[in-house]
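Taking it in order: structure first as structure tokens, then the write-up.
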Amino acid sequence: MTAFFAEHLKCGRQIKAQGLEEEEIKAGAEAINEQFKADLVFGFLFTAQTLINSIYQTAYTIFIAIFGSRMIRRGRMDSSGILTFQTYWSTQDRYLSEILTQYQNVKGTQGALEKVTDVLSYETEETGDANGPVCPEGNIVLENVSFGYPDGEEVLHDVNCTVPYGKSVAVIGANGSGKSTFFKLLLRLYEPDSGRIYIEGQTEQEDLHAWRSHFGYAAQNTALFSGTIKENILYSCGDLSDGELERLCAAVNLDEVLAEKENGLDEEAGEAGCRLSGGQQQRVAIARALAAKPGYLMLDEATSQLDFVNDRIIEENTRAQMEERSVIFIAHNIASARRADVIMLFDNGRLINMGTDSELMERCKLYREYVIISEGGSIDEEV
Ligand code: ADP
């Protein structure tokens, strides 16, 4: 029941917008009913235990009265023997009832314990030494990389490419074509099943800490934390001078947002950033990723909730902020992908083409189709 309400209360707006209140009320009542039934069973077992306990106590008193007095009459035990027997018996009785109570407690928390055990059974990631050697940034090379999620089918097949350093690289493709998975592999959130990923110039594979220290990451729904906007921005870098912070806010057009807030940068973002609009949250997330001055800025549809003017301005400013470093982004529109130095086109888990806009326009039919559709044309036309 707790899980049901925790999950569904968050989706209030979605439920209202889709007119699903009736169904949700029914599902909520069902969840309460389930809990009620479980509580009834628990109450029944508790009462049964109390009843059994008192029957047992009575039976035991009668037993001592009958057999104790008989043994005394027959001279096999004197009257103090009953007291000694009772003392021993009540000691073990206390332990017995303690065992029963603990058994009940264990059963009661078994559900929660199962989840905790499940989490504890996950393999611990070997992140390595935070102060380990950090290799120079350079082109990222993927050699024959294939990957499938645990217990699933292969979703990326034999990817070979060099992601150039210091460029803007757009990653495009249909839903489910493998773009986010490609990002996860670049961030080494997963390791490839076969093939390898390395930074050119590396003599040995860096440990995870060192590898990830090159990357900044912002996604469509990057969660912010409770705390001020400033604390959220500084989360990944510790501190910045006032001037740097100002420049950063200006780059992602946060300055205009902050001007409207009573406390400026010290305004509370709210739980998971709920006091900011989706677009404002995305700007804070990009500012946070930029603040750490990463070698590679990874943006996974990170400007999808911005209006088109802000989207364009932030795209340009972000590239300017990154100077000679890399911006690798999953593009939510073809127009911004076309402005990138290099475009990577994924289809069904394969990297089917990679090059500049004009190269892809010339040699890739699927890319031409994307461009035509994005411009409002029809792919029935000659492509
Ligand atoms: P895209 O970003 O292009 O929409 P994804 O990389 O998210 O595509 O997904 C590629 C494929 O991997 C899809 O078939 C998707 O269902 C599958 N997939 C994505 N994430 C997971 C996951 N965590 N577990 C299992 N399969 C996944």
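We label chains A, B, ... in the order they appear in the structure tokens, count residues from 1 in each chain, and number ligands from 1 in the order shown.
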### Shell of 9 Å around ligand 1 (only C-alpha atoms and all ligand atoms), written as a ChimeraX atom specification
/A:148-156,172-184,300,330,346-349
### Message
For A:Leu234, find every residue with an atom within 8 Å (counting only C-alpha atoms), except residues of its own chain fewer than 5 positions away, and show them as an NGL selection string.
### Response
:A and (239-240 or 288 or 291)
### Task
Using atom CA of A:Tyr103 and atom CA of A:Phe5 as the two end points, give the distance in Å to one decimal.
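According to the coordinates, atom CA of A:Tyr103 and atom CA of A:Phe5 are separated by 28.6 Å.
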### Message
Excluding stretch 62-74 of chain A and its own-chain neighbours fewer than 6 positions away, which residues fall within 10 Å of it when counting only C-alpha atoms? Please give them as a PyMOL selection string.
### Response
chain A and resi 56+80-83+85-86
Keeping only N, CA and C atoms, write those residues as a JSON list (two decimals), in the first residue's frame.
[["chain", "number", "residue", "atom", "x", "y", "z"],
["A", 56, "TYR", "N", -2.39, -22.57, 27.27],
["A", 56, "TYR", "CA", -1.16, -23.25, 27.68],
["A", 56, "TYR", "C", -0.86, -22.98, 29.17],
["A", 80, "SER", "N", 8.61, -28.21, 48.50],
["A", 80, "SER", "CA", 9.46, -27.18, 47.88],
["A", 80, "SER", "C", 9.81, -27.55, 46.43],
["A", 81, "GLY", "N", 9.69, -28.84, 46.10],
["A", 81, "GLY", "CA", 10.00, -29.28, 44.72],
["A", 81, "GLY", "C", 9.09, -28.62, 43.71],
["A", 82, "ILE", "N", 7.82, -28.40, 44.10],
["A", 82, "ILE", "CA", 6.88, -27.75, 43.16],
["A", 82, "ILE", "C", 7.37, -26.34, 42.84],
["A", 83, "LEU", "N", 7.83, -25.63, 43.88],
["A", 83, "LEU", "CA", 8.30, -24.25, 43.68],
["A", 83, "LEU", "C", 9.52, -24.22, 42.75],
["A", 85, "PHE", "N", 10.38, -26.49, 40.54],
["A", 85, "PHE", "CA", 9.94, -26.86, 39.19],
["A", 85, "PHE", "C", 9.31, -25.66, 38.48],
["A", 86, "GLN", "N", 8.47, -24.92, 39.25],
["A", 86, "GLN", "CA", 7.76, -23.77, 38.69],
["A", 86, "GLN", "C", 8.76, -22.67, 38.25]]
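Using only C-alpha atoms, the nearest neighbour of A:Glu369 within the list A:Ile343, A:Lys261, A:Tyr190, A:Ile334 is A:Ile334.
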### Task
Taking the DSSP assignment computed from this structure's backbone, write out as a ChimeraX atom specification all residues of stretch 90-235 of chain A that belong to alpha helix (DSSP H).
/A:90-108,110-120,179-186,208-212,229-233
